[in-house]
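Listing of structure04.cif; format and content: mmCIF, C-alpha atoms.
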```cif
data_final
loop_
_atom_site.label_atom_id
_atom_site.label_comp_id
_atom_site.auth_asym_id
_atom_site.auth_seq_id
_atom_site.Cartn_x
_atom_site.Cartn_y
_atom_site.Cartn_z
CA MET A 712 26.90 6.74 0.26
CA ASN A 713 27.54 5.73 -3.32
CA LYS A 714 26.36 2.22 -2.57
CA LYS A 715 22.99 3.63 -1.52
CA ILE A 716 22.64 5.63 -4.70
CA SER A 717 23.41 2.74 -7.01
CA ILE A 718 20.92 0.19 -5.65
CA PRO A 719 17.72 0.19 -7.71
CA GLU A 720 14.28 0.74 -6.20
CA ARG A 721 13.05 -2.82 -6.69
CA THR A 722 16.07 -4.24 -4.94
CA VAL A 723 15.43 -1.94 -1.98
CA THR A 724 11.83 -3.12 -1.87
CA ARG A 725 12.97 -6.75 -1.81
CA LEU A 726 15.63 -6.07 0.83
CA CYS A 727 12.92 -4.55 3.07
CA LEU A 728 10.95 -7.74 2.57
CA TYR A 729 13.90 -10.04 3.31
CA ARG A 730 14.47 -8.14 6.54
CA ARG A 731 10.88 -8.68 7.55
CA ILE A 732 11.21 -12.39 6.83
CA LEU A 733 14.49 -12.66 8.73
CA LEU A 734 12.92 -10.94 11.74
CA MET A 735 10.20 -13.60 11.66
CA LEU A 736 12.83 -16.37 11.65
CA LEU A 737 14.70 -14.92 14.64
CA PRO A 738 12.29 -16.10 17.38
CA GLU A 739 12.65 -19.63 16.02
CA GLY A 740 16.31 -19.43 17.07
CA ARG A 741 17.54 -19.95 13.50
CA ASP A 742 21.22 -19.19 12.85
CA TYR A 743 21.34 -19.71 9.08
CA VAL A 744 18.96 -19.34 6.18
CA ARG A 745 19.41 -20.51 2.58
CA SER A 746 18.67 -18.37 -0.46
CA GLN A 747 16.11 -20.96 -1.57
CA GLU A 748 14.13 -20.60 1.64
CA LEU A 749 14.24 -16.81 1.55
CA ALA A 750 13.12 -17.00 -2.09
CA THR A 751 10.14 -19.20 -1.22
CA LEU A 752 9.02 -16.93 1.61
CA ALA A 753 9.49 -13.83 -0.53
CA ARG A 754 7.89 -15.49 -3.57
CA GLY A 755 10.95 -14.87 -5.75
CA SER A 756 13.78 -16.91 -7.22
CA SER A 757 16.88 -17.95 -5.29
CA ALA A 758 19.06 -16.41 -8.02
CA GLN A 759 17.30 -13.10 -7.40
CA VAL A 760 17.86 -13.40 -3.64
CA ARG A 761 21.56 -14.13 -4.16
CA ARG A 762 21.95 -11.17 -6.52
CA ASP A 763 20.17 -8.81 -4.12
CA ILE A 764 22.28 -9.90 -1.17
CA MET A 765 25.45 -9.71 -3.23
CA SER A 766 24.63 -6.06 -3.91
CA LEU A 767 24.98 -5.50 -0.14
CA GLY A 768 28.53 -6.79 -0.32
CA TYR A 769 27.58 -9.68 1.98
CA ALA A 770 28.32 -13.32 1.17
CA GLY A 771 26.97 -16.46 2.82
CA LEU A 772 28.64 -19.83 3.31
CA PRO A 773 28.05 -22.22 0.40
CA SER A 774 27.48 -25.06 2.88
CA LYS A 775 25.07 -23.33 5.29
CA GLY A 776 23.60 -20.26 3.61
CA TYR A 777 23.45 -16.80 5.18
CA ARG A 778 23.90 -16.07 8.88
CA VAL A 779 20.60 -14.49 9.95
CA HIS A 780 22.18 -11.93 12.30
CA ASP A 781 24.88 -10.86 9.85
CA LEU A 782 22.43 -10.53 7.00
CA LEU A 783 20.11 -8.42 9.16
CA ALA A 784 23.05 -6.20 10.07
CA SER A 785 24.07 -5.78 6.40
CA ILE A 786 20.55 -4.87 5.34
CA GLY A 787 20.22 -2.45 8.26
CA GLU A 788 23.51 -0.81 7.33
CA LEU A 789 22.12 -0.02 3.90
CA LEU A 790 18.54 0.86 4.78
CA ASP A 791 18.66 2.48 8.19
CA ALA A 792 19.69 5.99 8.98
CA PRO A 793 22.86 6.19 11.07
CA GLU A 794 20.84 7.79 13.87
CA VAL A 795 17.15 7.98 14.75
CA GLU A 796 15.30 9.58 11.89
CA SER A 797 12.29 11.85 12.22
CA VAL A 798 9.19 11.71 10.08
CA ALA A 799 6.18 14.04 9.94
CA LEU A 800 2.50 13.18 9.61
CA VAL A 801 0.19 15.64 7.90
CA GLY A 802 -3.52 15.19 8.57
CA VAL A 803 -4.69 13.75 11.89
CA GLY A 804 -8.19 12.66 10.88
CA ASN A 805 -9.38 9.09 11.33
CA LEU A 806 -6.69 7.60 9.14
CA GLY A 807 -3.87 9.84 10.42
CA HIS A 808 -4.85 9.04 13.99
CA ALA A 809 -4.72 5.33 13.25
CA LEU A 810 -1.40 5.61 11.46
CA LEU A 811 0.04 7.35 14.51
CA SER A 812 -1.17 4.66 16.88
CA TYR A 813 0.08 1.97 14.52
CA LEU A 814 3.48 3.41 13.70
CA VAL A 815 4.57 4.96 17.01
CA GLY A 816 7.33 2.81 18.47
CA ARG A 817 7.19 0.25 15.67
CA ARG A 818 10.70 0.80 14.26
CA PRO A 819 13.31 2.07 16.72
CA ASN A 820 15.11 4.06 14.00
CA LEU A 821 12.05 5.89 12.68
CA THR A 822 10.11 8.30 14.86
CA ILE A 823 7.04 10.30 13.97
CA ARG A 824 8.30 13.48 15.53
CA ALA A 825 5.63 15.95 14.46
CA ALA A 826 2.03 15.92 13.27
CA PHE A 827 0.17 18.76 11.57
CA ASP A 828 -3.53 19.39 11.35
CA ALA A 829 -5.66 22.40 10.46
CA ASN A 830 -8.15 21.52 13.21
CA PRO A 831 -7.49 23.90 16.17
CA ALA A 832 -8.91 21.29 18.58
CA LEU A 833 -5.92 19.04 17.83
CA GLN A 834 -3.20 21.68 17.84
CA GLY A 835 -1.05 21.63 20.96
CA LEU A 836 -2.10 18.09 21.87
CA ALA A 837 0.27 15.15 22.04
CA ILE A 838 -1.36 12.22 20.21
CA TYR A 839 0.22 8.90 21.14
CA GLY A 840 3.14 11.01 22.34
CA CYS A 841 3.47 12.92 19.07
CA PRO A 842 2.87 16.70 19.25
CA CYS A 843 0.35 18.15 16.82
CA TYR A 844 1.24 21.55 15.31
CA ARG A 845 -0.51 24.19 13.23
CA PRO A 846 0.17 23.97 9.47
CA GLU A 847 1.57 27.51 9.73
CA ASP A 848 4.45 26.13 11.81
CA MET A 849 5.41 23.50 9.24
CA GLU A 850 8.51 25.19 7.91
CA THR A 851 10.02 25.85 11.34
CA VAL A 852 9.18 22.46 12.83
CA LEU A 853 10.44 20.43 9.83
CA ALA A 854 13.67 22.42 9.76
CA ASN A 855 14.14 22.10 13.53
CA TYR A 856 13.95 18.32 13.48
CA ASN A 857 15.63 18.01 10.08
CA ILE A 858 12.60 16.08 8.76
CA ARG A 859 12.81 14.96 5.11
CA THR A 860 10.05 12.31 5.02
CA ALA A 861 6.31 12.94 5.40
CA ILE A 862 3.20 10.81 5.63
CA LEU A 863 0.32 12.49 3.85
CA ALA A 864 -3.11 11.60 5.26
CA VAL A 865 -5.21 14.58 4.19
CA PRO A 866 -8.34 14.43 1.96
CA ALA A 867 -7.81 14.06 -1.80
CA GLY A 868 -8.98 17.63 -2.44
CA THR A 869 -6.14 19.27 -0.48
CA ALA A 870 -3.39 16.69 -1.02
CA GLN A 871 -1.67 18.41 -3.96
CA THR A 872 -1.50 21.80 -2.24
CA VAL A 873 -0.24 20.30 1.01
CA ALA A 874 2.33 18.17 -0.86
CA GLU A 875 3.70 21.22 -2.68
CA ARG A 876 3.96 23.04 0.64
CA LEU A 877 5.85 20.07 2.13
CA VAL A 878 8.31 20.03 -0.75
CA ALA A 879 8.83 23.78 -0.40
CA CYS A 880 9.64 23.11 3.29
CA GLY A 881 12.36 20.58 2.38
CA ILE A 882 10.47 17.26 2.31
CA ARG A 883 12.14 14.82 -0.13
CA SER A 884 9.94 11.76 0.21
CA ILE A 885 6.17 11.31 0.72
CA LEU A 886 4.10 8.31 1.71
CA ASN A 887 0.78 9.32 0.17
CA PHE A 888 -2.45 7.94 1.67
CA ALA A 889 -4.64 10.51 -0.08
CA PRO A 890 -6.62 8.78 -2.85
CA THR A 891 -5.15 10.98 -5.56
CA ARG A 892 -2.06 11.21 -7.73
CA LEU A 893 0.45 13.86 -6.71
CA ASN A 894 2.16 15.92 -9.34
CA LEU A 895 5.61 16.79 -7.92
CA PRO A 896 9.15 17.29 -9.23
CA ASN A 897 10.84 14.07 -10.38
CA ASP A 898 13.46 14.10 -7.65
CA ILE A 899 10.77 13.78 -4.95
CA TYR A 900 10.04 10.16 -4.01
CA VAL A 901 6.31 9.42 -3.73
CA GLU A 902 4.83 6.10 -2.66
CA ASP A 903 1.07 5.82 -3.07
CA MET A 904 -0.89 3.82 -0.52
CA ASP A 905 -4.35 4.05 -2.00
CA ILE A 906 -6.28 1.77 0.33
CA SER A 907 -9.64 1.95 -1.42
CA ALA A 908 -8.10 1.33 -4.85
CA SER A 909 -6.35 -1.74 -3.44
CA LEU A 910 -9.60 -2.98 -1.96
CA GLU A 911 -11.35 -2.51 -5.30
CA ARG A 912 -8.62 -4.53 -6.97
CA ALA A 913 -8.85 -7.29 -4.36
CA ALA A 914 -12.63 -7.51 -4.83
CA PHE A 915 -12.18 -7.66 -8.60
CA TYR A 916 -9.80 -10.61 -8.30
CA ALA A 917 -12.11 -12.41 -5.86
CA ARG A 918 -14.77 -12.34 -8.60
CA ARG A 919 -12.28 -13.28 -11.29
CA THR A 920 -11.03 -16.39 -9.49
CA GLU A 921 -14.66 -17.38 -8.95
CA ASP A 922 -15.32 -16.98 -12.66
CA ASP A 923 -12.26 -19.15 -13.33
CA SER A 924 -13.50 -21.85 -10.99
CA ALA A 925 -16.96 -21.71 -12.54
CA ALA A 926 -15.44 -21.98 -16.03
CA GLN A 927 -13.35 -24.95 -14.95
CA ALA A 928 -16.32 -26.67 -13.34
CA GLN A 929 -18.30 -26.26 -16.57
CA SER A 930 -15.57 -27.58 -18.85
CA MET B 754 -16.85 -12.75 -17.88
CA ASN B 755 -14.13 -13.81 -20.26
CA LYS B 756 -13.12 -10.20 -20.72
CA LYS B 757 -12.47 -9.96 -16.99
CA ILE B 758 -10.30 -13.02 -17.00
CA SER B 759 -8.12 -11.93 -19.87
CA ILE B 760 -7.14 -8.48 -18.59
CA PRO B 761 -3.74 -8.59 -16.89
CA GLU B 762 -3.19 -7.42 -13.32
CA ARG B 763 -1.14 -4.33 -14.22
CA THR B 764 -3.83 -3.13 -16.60
CA VAL B 765 -6.43 -3.49 -13.83
CA THR B 766 -4.20 -1.46 -11.51
CA ARG B 767 -3.92 1.29 -14.11
CA LEU B 768 -7.67 1.26 -14.85
CA CYS B 769 -8.33 1.79 -11.10
CA LEU B 770 -5.99 4.75 -11.27
CA TYR B 771 -7.61 6.23 -14.40
CA ARG B 772 -10.98 6.02 -12.67
CA ARG B 773 -9.65 7.93 -9.69
CA ILE B 774 -8.26 10.60 -12.00
CA LEU B 775 -11.51 10.84 -13.98
CA LEU B 776 -13.48 11.26 -10.75
CA MET B 777 -11.19 14.17 -9.91
CA LEU B 778 -11.90 15.78 -13.30
CA LEU B 779 -15.70 15.48 -12.90
CA PRO B 780 -16.20 18.40 -10.48
CA GLU B 781 -14.36 20.62 -12.98
CA GLY B 782 -17.27 19.98 -15.35
CA ARG B 783 -15.01 18.38 -17.95
CA ASP B 784 -16.75 16.45 -20.77
CA TYR B 785 -13.72 15.06 -22.60
CA VAL B 786 -10.22 14.03 -21.68
CA ARG B 787 -7.32 13.16 -24.01
CA SER B 788 -5.08 10.13 -23.59
CA GLN B 789 -2.10 12.47 -23.26
CA GLU B 790 -3.63 14.24 -20.27
CA LEU B 791 -4.61 10.98 -18.58
CA ALA B 792 -1.08 9.71 -19.21
CA THR B 793 0.49 12.78 -17.59
CA LEU B 794 -1.73 12.53 -14.52
CA ALA B 795 -1.13 8.78 -14.25
CA ARG B 796 2.59 9.16 -14.97
CA GLY B 797 2.44 6.79 -17.93
CA SER B 798 2.58 7.05 -21.71
CA SER B 799 -0.38 7.99 -23.87
CA ALA B 800 0.16 4.82 -25.94
CA GLN B 801 -0.23 2.82 -22.73
CA VAL B 802 -3.44 4.70 -21.85
CA ARG B 803 -4.89 4.06 -25.31
CA ARG B 804 -4.02 0.35 -25.14
CA ASP B 805 -5.55 0.01 -21.67
CA ILE B 806 -8.76 1.73 -22.69
CA MET B 807 -8.95 -0.25 -25.90
CA SER B 808 -8.92 -3.41 -23.78
CA LEU B 809 -12.22 -2.18 -22.32
CA GLY B 810 -13.71 -2.14 -25.79
CA TYR B 811 -14.25 1.61 -25.52
CA ALA B 812 -13.06 4.08 -28.15
CA GLY B 813 -12.78 7.85 -27.93
CA LEU B 814 -13.19 10.47 -30.65
CA PRO B 815 -9.93 11.24 -32.45
CA SER B 816 -10.80 14.95 -32.40
CA LYS B 817 -11.85 15.29 -28.74
CA GLY B 818 -10.54 12.31 -26.80
CA TYR B 819 -12.60 10.20 -24.39
CA ARG B 820 -15.95 11.23 -22.93
CA VAL B 821 -15.37 11.29 -19.16
CA HIS B 822 -18.79 9.84 -18.28
CA ASP B 823 -18.63 7.06 -20.86
CA LEU B 824 -15.11 6.09 -19.90
CA LEU B 825 -16.09 5.96 -16.21
CA ALA B 826 -19.04 3.74 -17.12
CA SER B 827 -16.82 1.39 -19.16
CA ILE B 828 -14.27 1.07 -16.37
CA GLY B 829 -17.05 0.51 -13.83
CA GLU B 830 -18.56 -2.19 -16.00
CA LEU B 831 -15.29 -4.10 -15.89
CA LEU B 832 -14.23 -3.45 -12.30
CA ASP B 833 -17.42 -3.23 -10.30
CA ALA B 834 -19.58 -6.06 -9.15
CA PRO B 835 -23.03 -6.09 -10.77
CA GLU B 836 -24.57 -5.56 -7.34
CA VAL B 837 -23.26 -4.29 -4.00
CA GLU B 838 -20.40 -6.48 -2.91
CA SER B 839 -19.62 -7.40 0.68
CA VAL B 840 -16.19 -7.47 2.24
CA ALA B 841 -15.05 -8.68 5.67
CA LEU B 842 -12.53 -7.13 8.02
CA VAL B 843 -10.58 -9.38 10.37
CA GLY B 844 -8.95 -7.67 13.34
CA VAL B 845 -10.51 -4.57 14.86
CA GLY B 846 -7.50 -3.21 16.72
CA ASN B 847 -6.22 0.31 16.12
CA LEU B 848 -5.57 -0.22 12.45
CA GLY B 849 -8.75 -2.23 11.78
CA HIS B 850 -10.80 0.41 13.55
CA ALA B 851 -9.27 3.11 11.40
CA LEU B 852 -9.78 1.12 8.22
CA LEU B 853 -13.45 0.76 9.08
CA SER B 854 -13.93 4.45 9.68
CA TYR B 855 -12.00 5.24 6.51
CA LEU B 856 -13.64 2.73 4.20
CA VAL B 857 -17.27 2.72 5.35
CA GLY B 858 -19.35 4.47 2.72
CA ARG B 859 -16.35 5.31 0.52
CA ARG B 860 -17.36 3.24 -2.53
CA PRO B 861 -21.07 2.63 -3.03
CA ASN B 862 -20.46 -0.82 -4.57
CA LEU B 863 -18.22 -2.14 -1.80
CA THR B 864 -19.53 -2.58 1.74
CA ILE B 865 -17.69 -3.86 4.77
CA ARG B 866 -20.47 -6.11 5.90
CA ALA B 867 -18.83 -7.98 8.76
CA ALA B 868 -15.90 -7.55 11.12
CA PHE B 869 -14.31 -10.23 13.28
CA ASP B 870 -12.26 -9.87 16.42
CA ALA B 871 -11.22 -12.24 19.20
CA ASN B 872 -11.77 -9.51 21.81
CA PRO B 873 -15.11 -10.25 23.56
CA ALA B 874 -15.53 -6.55 24.38
CA LEU B 875 -15.96 -5.82 20.65
CA GLN B 876 -18.19 -8.77 19.76
CA GLY B 877 -21.82 -7.82 19.24
CA LEU B 878 -20.98 -4.15 18.75
CA ALA B 879 -21.63 -2.23 15.54
CA ILE B 880 -18.50 -0.23 14.72
CA TYR B 881 -19.22 2.57 12.25
CA GLY B 882 -22.34 0.59 11.43
CA CYS B 883 -20.47 -2.66 10.80
CA PRO B 884 -21.30 -5.57 13.15
CA CYS B 885 -18.38 -7.26 14.89
CA TYR B 886 -18.61 -11.07 15.21
CA ARG B 887 -16.71 -13.79 17.06
CA PRO B 888 -14.04 -15.59 14.95
CA GLU B 889 -16.00 -18.80 15.63
CA ASP B 890 -18.85 -17.44 13.51
CA MET B 891 -16.63 -16.73 10.51
CA GLU B 892 -17.74 -19.60 8.33
CA THR B 893 -21.48 -18.93 8.80
CA VAL B 894 -21.25 -15.15 8.41
CA LEU B 895 -19.03 -15.25 5.32
CA ALA B 896 -21.30 -17.81 3.66
CA ASN B 897 -24.44 -15.86 4.60
CA TYR B 898 -23.29 -12.69 2.93
CA ASN B 899 -21.44 -14.49 0.14
CA ILE B 900 -18.21 -12.70 1.10
CA ARG B 901 -15.15 -13.54 -1.01
CA THR B 902 -12.83 -10.63 -0.12
CA ALA B 903 -11.24 -9.97 3.28
CA ILE B 904 -9.12 -7.23 4.81
CA LEU B 905 -6.58 -8.71 7.21
CA ALA B 906 -5.57 -6.37 10.03
CA VAL B 907 -4.37 -8.80 12.71
CA PRO B 908 -0.85 -8.88 14.24
CA ALA B 909 1.94 -10.51 12.19
CA GLY B 910 2.11 -13.48 14.56
CA THR B 911 -1.43 -14.69 13.86
CA ALA B 912 -1.82 -13.55 10.24
CA GLN B 913 -0.91 -16.85 8.57
CA THR B 914 -3.29 -18.92 10.72
CA VAL B 915 -6.15 -16.45 10.25
CA ALA B 916 -5.51 -16.26 6.49
CA GLU B 917 -5.66 -20.05 6.16
CA ARG B 918 -8.91 -20.04 8.10
CA LEU B 919 -10.34 -17.37 5.78
CA VAL B 920 -9.39 -19.37 2.70
CA ALA B 921 -10.98 -22.47 4.22
CA CYS B 922 -14.16 -20.38 4.68
CA GLY B 923 -14.25 -19.43 0.99
CA ILE B 924 -12.26 -16.18 0.86
CA ARG B 925 -10.58 -15.75 -2.58
CA SER B 926 -8.82 -12.43 -2.15
CA ILE B 927 -7.01 -10.80 0.80
CA LEU B 928 -5.84 -7.26 1.39
CA ASN B 929 -3.07 -7.94 3.91
CA PHE B 930 -2.11 -5.19 6.38
CA ALA B 931 -0.21 -7.58 8.66
CA PRO B 932 3.53 -6.92 8.32
CA THR B 933 4.26 -10.45 7.18
CA ARG B 934 4.22 -12.51 4.00
CA LEU B 935 1.32 -14.93 3.66
CA ASN B 936 1.89 -18.37 2.26
CA LEU B 937 -1.37 -19.34 0.51
CA PRO B 938 -2.42 -21.36 -2.56
CA ASN B 939 -1.57 -19.68 -5.87
CA ASP B 940 -5.18 -19.08 -6.85
CA ILE B 941 -5.75 -16.81 -3.84
CA TYR B 942 -5.09 -13.15 -4.62
CA VAL B 943 -3.06 -11.37 -1.92
CA GLU B 944 -2.19 -7.70 -1.92
CA ASP B 945 0.29 -6.66 0.76
CA MET B 946 -0.12 -3.24 2.33
CA ASP B 947 2.89 -3.17 4.61
CA ILE B 948 2.75 0.36 5.96
CA SER B 949 5.93 0.30 8.01
CA ALA B 950 7.96 -1.24 5.17
CA SER B 951 6.71 1.54 2.88
CA LEU B 952 7.67 4.16 5.42
CA GLU B 953 11.16 2.65 5.72
CA ARG B 954 11.52 2.81 1.96
CA ALA B 955 10.31 6.42 1.84
CA ALA B 956 12.83 7.40 4.53
CA PHE B 957 15.58 5.60 2.63
CA TYR B 958 14.83 7.59 -0.53
CA ALA B 959 14.68 10.87 1.39
CA ARG B 960 18.28 10.22 2.46
CA ARG B 961 19.27 9.06 -0.98
CA THR B 962 18.04 12.19 -2.75
CA GLU B 963 19.87 14.28 -0.14
CA ASP B 964 23.06 12.36 -0.86
CA ASP B 965 22.50 13.04 -4.56
CA SER B 966 22.06 16.76 -3.96
CA ALA B 967 25.14 16.84 -1.74
CA ALA B 968 27.14 15.02 -4.42
CA GLN B 969 25.92 17.46 -7.07
CA ALA B 970 26.74 20.45 -4.89
CA GLN B 971 30.29 19.17 -4.44
CA SER B 972 30.93 18.44 -8.10
#
```

For this file, produce the structure as structure tokens.
Amino acid sequence: MNKKISIPERTVTRLCLYRRILLMLLPEGRDYVRSQELATLARGSSAQVRRDIMSLGYAGLPSKGYRVHDLLASIGELLDAPEVESVALVGVGNLGHALLSYLVGRRPNLTIRAAFDANPALQGLAIYGCPCYRPEDMETVLANYNIRTAILAVPAGTAQTVAERLVACGIRSILNFAPTRLNLPNDIYVEDMDISASLERAAFYARRTEDDSAAQAQS
Amino acid sequence: MNKKISIPERTVTRLCLYRRILLMLLPEGRDYVRSQELATLARGSSAQVRRDIMSLGYAGLPSKGYRVHDLLASIGELLDAPEVESVALVGVGNLGHALLSYLVGRRPNLTIRAAFDANPALQGLAIYGCPCYRPEDMETVLANYNIRTAILAVPAGTAQTVAERLVACGIRSILNFAPTRLNLPNDIYVEDMDISASLERAAFYARRTEDDSAAQAQS
């Protein structure tokens, strides 16, 4: 428990990434991986990789590197809930619908157990196997399944109100797809996934690298 | 042009965020906003906000703050393409489909002009008004519309190959939804949107803050 608390956010982010890379190496039948290779794939330094993995209390062999299976197990021990964990989705519009279809069954330890939408046509349906409830039932449903994490996929205009409601119902962590900034108590974890802002940024850099190339060609 | 090149990535990210906040203030009929208020909404410092806005070459009034309309115009001048800019989407599965429905018409200056999918059933269709092409036509279509930015929504297993193909066809910037790390030349901008990794992280922090509360309750 204390180990979890003491690991900083950026390390957790990198450990999630290492896991994803290790899972990609598995089908190749690889037994060992070196910090240098992990660093290259994760676009970091090998010193960073070694520090991060040391914080898990796991050590590799100097001659061969890290055992892929053991490293995966160590990361899982830190990151995964001891049993299957339930998550809620709020807002089953186009994006929410897609998130359900994308996320259902993707990680065995994380299940989207409940969805909520104000649209009566959706209430009572099971969407990709996930039941959709009325917002009025939020408190009961979240408590029943002991849900502490929510995905917010409602329009920007209602996001703040819905987020406050979620926190009042015991949610501790929100993955926010609404294109707006949530104002919540500091002990609530919020990760913003603002897709259109990211696309804007990507388009900006596409122009910038063109400008660079043009400048280089001229010089 | 040079101004664009010299502004660092984190500043661009924050300017995107300020714009989103300003657009939220508009319907309230607000004329002016102070750096302190922007900082609170963006969860930054007001010194940071002032520095960022200064880098646009825009100055507010010491007595009233920034004019919302003028600040929006200055940010748009930096971030937006001079004319409508075209973007491509590769992979029209569940997630790609949802991204189309979510992004079409969201920003007037950014249009998803072309989609690509290997599934013959989708080729030739217009999905939310966006035509879906065969991957074989990528080079021609991207060149025709002068597309430099792509959204990658293919499975992890094919993402690297498709990304290399995109770069070979002139793409300079990729918004990557595939749950894998792309290995591309350094001058290509890649932004990873790994939804399941973000959800894992959110669930991890939900447990962590519970552990904290439990620890506090015991002490």

With all atoms listed in the file counted and 7 Å as the cut-off, give the residues of chain A in contact with chain B, each with its shortest interatomic distance in Å and the pair that gives it, as a tab-separated table.
```
residue	atom	partner	partner_atom	distance
A:Met712	CA	B:Asp964	CA	6.9
A:Lys715	CA	B:Arg961	CA	6.6
A:Ile716	CA	B:Arg961	CA	6.1
A:Cys727	CA	B:Ala950	CA	6.3
A:Arg731	CA	B:Thr933	CA	6.9
A:Leu752	CA	B:Arg934	CA	6.9
A:Leu790	CA	B:Phe957	CA	6.0
A:Asn805	CA	B:Ala851	CA	6.0
A:Leu806	CA	B:Ala851	CA	5.7
A:Ala809	CA	B:Ala851	CA	5.4
A:Ser812	CA	B:Asn847	CA	6.7
A:Tyr813	CA	B:Leu848	CA	6.4
A:Leu814	CA	B:Ser949	CA	6.9
A:Arg859	CA	B:Ala959	CA	5.8
A:Thr860	CA	B:Ala956	CA	5.7
A:Arg883	CA	B:Ala959	CA	4.9
A:Ser884	CA	B:Ala959	CA	5.0
A:Ile885	CA	B:Ala955	CA	6.5
A:Leu886	CA	B:Ala955	CA	6.5
A:Thr891	CA	B:Arg773	CA	6.8
A:Arg892	CA	B:Leu794	CA	6.9
A:Asp898	CA	B:Thr962	CA	7.0
A:Tyr900	CA	B:Tyr958	CA	6.5
A:Ser907	CA	B:Leu856	CA	6.9
A:Ala908	CA	B:Cys769	CA	6.3
A:Leu910	CA	B:Leu928	CA	6.6
A:Ala913	CA	B:Ser926	CA	5.6
A:Ala914	CA	B:Thr902	CA	5.7
A:Phe915	CA	B:Leu832	CA	6.0
A:Tyr916	CA	B:Ser926	CA	6.5
A:Ala917	CA	B:Arg925	CA	4.9
A:Arg919	CA	B:Ile758	CA	6.0
A:Thr920	CA	B:Arg925	CA	7.0
A:Asp922	CA	B:Met754	CA	6.9
```

For Ala799 in chain A, the nearest of the candidates A:Arg741, A:Arg824, A:Arg845, A:Arg761, counting all atoms listed in the file: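 Smallest distance to Ala799 in chain A is found for A:Arg824.
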
Measure the distance from CA of Leu895 in chain A to CA of Ala792 in chain B in Å and round it to one decimal.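 Rounded to one decimal, the two atoms are 14.9 Å apart.
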
How many Å separate CA of Val873 in chain A from CA of Gly840 in chain A? 23.5 Å

Could you state the separation of CA of Glu830 in chain B and CA of Leu779 in chain B in Å, given to one decimal place?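 Between CA of Glu830 in chain B and CA of Leu779 in chain B the gap is 18.2 Å.
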
Between A:Leu863, A:Val803, A:Leu782, A:Met765, which one has atoms that come closest to Pro831 in chain A, using only C-alpha atoms? A:Val803

Box along x, y and z, 8 Å on every side, all listed atoms of range 817-826 of chain A inside: centre and edge lengths in Å to one decimal, as lines of an AutoDock Vina configuration file.
```
center_x = 8.6
center_y = 8.1
center_z = 14.7
size_x = 29.1
size_y = 31.7
size_z = 20.0
```

I'd like the contact shell of Gln876 in chain B - 8 Å cut-off, all atoms listed in the file, skipping same-chain residues fewer than 4 positions apart - returned as a short mmCIF file (atom, residue, chain, number, x, y, z; two decimals) with C-alpha atoms, keeping the file's coordinate frame.
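Contents of the output file result_28.cif:
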```cif
data_model
loop_
_atom_site.label_atom_id
_atom_site.label_comp_id
_atom_site.auth_asym_id
_atom_site.auth_seq_id
_atom_site.Cartn_x
_atom_site.Cartn_y
_atom_site.Cartn_z
CA PHE B 869 -14.31 -10.23 13.28
CA ASP B 870 -12.26 -9.87 16.42
CA ALA B 871 -11.22 -12.24 19.20
CA ASN B 872 -11.77 -9.51 21.81
CA PRO B 884 -21.30 -5.57 13.15
CA CYS B 885 -18.38 -7.26 14.89
CA TYR B 886 -18.61 -11.07 15.21
CA ARG B 887 -16.71 -13.79 17.06
#
```
